[in-house]
Structure formats: C-alpha cells, structure tokens
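One structure below.
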Amino acid sequence: GLRKERAVEIIAREMDLDEKKLAELANNPAFCKRLGVEADNLEGYLFPETYRLSVAANEVQILEVLVGQFLKVFGPELRRRADEIGLTVHEAVTMASIIEGEAQKADERTTISAVYHNRLKKRMRLQADPTVQYAIPDGPRRLFYKDYEYASPYNTYRHRGLPPGPIMSPGAASLYAAVNPADVDYLYFVATGDGSHLFTRTAAEHDAAKRKTRSARRKSWKR
C-alpha cells in the first residue's frame with residue numbers, strides 16, 4: 001500500500017542508495033518500458049514483499065528486483081483473467097491499488113472489487129476516497145467536503161472510470177481481487193469503524209447504512 005515516493009525513500013535509507021536517482025528511474029518512461037511496465041512511471045509496480053538483497057546492489061538492480069517480483073505475481077493466469085473481463089494490465093493494477101487503499105479485511109477484497117466493477121459497468125463514478133487522498137497535494141489525511149471537488153484526473157468523485165494509473169502498490173491479494181470480483185450486485189459500501197464495511201445495493205440502503213454506522217460510532221464515543 002505504499003506510494004512510490006515512500007517506497008523509494010525506504011529503499012534509499014535501508015540500502016544506502018541515492019534517493020534522487022531512484023526517483024528519477026521510477027519516473028522514467030523508457031526505464032519502465034525496459035522493465036516490462038507499460039506505464040510512464042512505476043507507481044503500483046514496486047511490489048510489496050520482504051526481500052533478501054545484496055548490499056552491493058545499485059539503484060537499477062533494486063528496482064529490477066521489485067518490478068520483477070510484480071511480473072511474477074501478476075503472471076499469465078492473472079493476465080488472462082484481466083483480458084477476459086476487459087482490463088489491460090495497467091487498468092487491473094489501477095483497480096487493485098484502489099482496493100488496496102480501501103480494504104482492511106482480507107475477506108472483503110473481492111466484494112470491494114465487485115462494487116467498483118459494478119459501478120464501472122453502470123457508468124457510475126467510483127467515488128473512491130483513496131483516489132482523493134492521492135489527488136490532493138497534502139494527502140493522505142482526513143478528508144473534508146471541499147477535497148471531493150479537487151480538480152484532478154485521479155479524483156473519482158469528479159471523473160468517471162478508473163483514474164489514469166495506480167495510486168499505490170497493491171499486494172498479491174488485491175491484484176487477485178481486481179480481476180476476480182465477487183459475484184454480487186452491490187453498488188455501495190460504507191466503513192463501520194472496525195475495519196469492515198456494510199455493502200448495499202441501492203442509494204436508499206446506502207443512506208440507511210451510513211446512518212447506522214454514524215449512530216454506532218456515537219455510542220462508542222459515549223462509553
């Protein structure tokens with residue numbers, strides 16, 4: 001779930017490497033293409049994993065390892081599945097990154113995926129808070145009503161469809177969920193406050209779910 005800037009910062013610190021050089025490579029379209037990434041930067045492709053790395057490894061070699069692990073995880077089976085449901089690899093990684101930003105419970109990932117796929121099919125805006133967090137200059141932080149109007153192609157409250165690219169690096173579970181949505185007809189969900197979500201099918205049900213979760217949170221505050 002790290003953004004590429006944060007991943008680069010950690011890699012540079014832990015491996016005693018040049019952070020500026022890492023950042024330049026991660027934002028170099030030609031380097032991305034050389035690694036097998038069809039995107040202008042490596043956002044979403046720096047695969048989150050525990051790695052054993054040589055202390056002699058340089059900036060290029062480290063990024064090769066992380067992207068190489070992504071390519072192994074998002075291999076032929078997931079690529080075929082993405083193609084079956086009409087997603088490019090980049091679109092699938094973008095979807096997975098949003099799921100990564102939303103899901104706290106492992107068993108909810110495919111259901112969250114289904115909500116977004118269902119909304120795409122109905123040409124509804126995704127209205128995913130993690131995309132707003134990515135769009136605003138000082139995110140992530142608590143969001144305010146004005147933030148949902150922030151002008152950015154990544155703001156899925158303003159624009160239909162997927163954003164232009166990933167918003168963070170998804171793990172294997174979110175990559176799987178992105179191309180294997182649950183067979184449900186939910187269109188909405190709301191956080192309950194304990195890491196889980198209430199899923200609903202209609203706007204009226206969603207409003208009721210929001211009232212229910214607000215009431216539950218107020219009661220917990222009074223205890």
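Going through the structure tokens in order, the chains are called A, B, and so on, while each chain numbers its residues from 1 and the ligands are numbered from 1 in the order shown.
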
For the structure I just gave you, how does DSSP split segment 23-140 of chain A - specifically, which residues are helix (DSSP H, G or I)? Reply as number ranges by chain. A: 23-26, 29-34, 59-73, 76-84, 89-102, 106-121, 129-135

Determine, counting only C-alpha atoms, which protein, DNA and RNA residues have an atom within 8 Å of an atom of Tyr186 of chain A; residues of the same chain fewer than 4 positions away are not included. Present the result as a compact mmCIF listing (two decimals) with N, CA and C atoms, in the first residue's frame.
```txt
# COMPACT_ATOMS: atom_id res chain seq x y z
N ALA A 114 -15.93 -6.05 -6.58
CA ALA A 114 -17.22 -6.19 -7.28
C ALA A 114 -17.97 -4.86 -7.31
N VAL A 115 -17.95 -4.12 -6.20
CA VAL A 115 -18.63 -2.82 -6.16
C VAL A 115 -18.08 -1.92 -7.26
N ASN A 118 -19.01 -3.18 -10.74
CA ASN A 118 -20.43 -2.93 -11.00
C ASN A 118 -20.68 -1.46 -11.33
N PHE A 199 -22.15 -3.40 2.93
CA PHE A 199 -22.36 -3.36 1.48
C PHE A 199 -23.86 -3.29 1.19
N THR A 200 -24.21 -2.43 0.23
CA THR A 200 -25.63 -2.25 -0.10
C THR A 200 -25.81 -2.12 -1.61
N ARG A 201 -27.07 -2.26 -2.05
CA ARG A 201 -27.37 -2.29 -3.47
C ARG A 201 -27.97 -0.98 -4.00
N THR A 202 -28.66 -0.24 -3.14
CA THR A 202 -29.35 0.97 -3.59
C THR A 202 -28.90 2.19 -2.79
```

Quiz prompt | Contacts of Ile112 of chain A at 7 Å (only C-alpha atoms; same-chain gap of 4+ positions) as an MDAnalysis selection string | solution = chainID A and resid 99 108 116

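As for atom CA of Gln69 of chain A and atom CA of Arg52 of chain A, they are spaced 12.3 Å apart.
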
- Message: Just want the 9 Å neighbourhood of segment 11-15 of chain A, counted on only C-alpha atoms, with same-chain residues fewer than 6 positions away dropped. Output as a PyMOL selection string.
- Response: chain A and resi 22+53-59+62

Write out, as an mmCIF file, in the first residue's frame, the residues just selected, with N, CA and C atoms.
```cif
data_model
loop_
_atom_site.group_PDB
_atom_site.id
_atom_site.type_symbol
_atom_site.label_atom_id
_atom_site.label_comp_id
_atom_site.auth_asym_id
_atom_site.auth_seq_id
_atom_site.Cartn_x
_atom_site.Cartn_y
_atom_site.Cartn_z
ATOM 1 N N LEU A 22 16.985 7.008 -7.599
ATOM 2 C CA LEU A 22 15.879 6.054 -7.561
ATOM 3 C C LEU A 22 14.594 6.695 -8.069
ATOM 4 N N LEU A 53 18.476 -8.903 -0.300
ATOM 5 C CA LEU A 53 19.175 -8.147 -1.338
ATOM 6 C C LEU A 53 20.655 -8.013 -0.994
ATOM 7 N N SER A 54 21.463 -8.001 -2.015
ATOM 8 C CA SER A 54 22.895 -7.801 -1.814
ATOM 9 C C SER A 54 23.169 -6.353 -1.421
ATOM 10 N N VAL A 55 24.077 -6.160 -0.474
ATOM 11 C CA VAL A 55 24.443 -4.790 -0.079
ATOM 12 C C VAL A 55 25.156 -4.069 -1.211
ATOM 13 N N ALA A 56 25.609 -4.833 -2.211
ATOM 14 C CA ALA A 56 26.301 -4.222 -3.354
ATOM 15 C C ALA A 56 25.342 -3.826 -4.471
ATOM 16 N N ALA A 57 24.043 -4.133 -4.312
ATOM 17 C CA ALA A 57 23.069 -3.842 -5.367
ATOM 18 C C ALA A 57 22.926 -2.332 -5.558
ATOM 19 N N ASN A 58 22.824 -1.909 -6.818
ATOM 20 C CA ASN A 58 22.652 -0.478 -7.099
ATOM 21 C C ASN A 58 21.182 -0.150 -7.336
ATOM 22 N N GLU A 59 20.910 1.108 -7.662
ATOM 23 C CA GLU A 59 19.529 1.583 -7.805
ATOM 24 C C GLU A 59 18.775 0.820 -8.890
ATOM 25 N N ILE A 62 17.968 -2.861 -7.784
ATOM 26 C CA ILE A 62 16.907 -2.953 -6.768
ATOM 27 C C ILE A 62 15.528 -2.817 -7.420
#
```

Taken to one decimal, the atom CA of Ala172 of chain A-atom CA of Pro48 of chain A distance is 8.6 Å
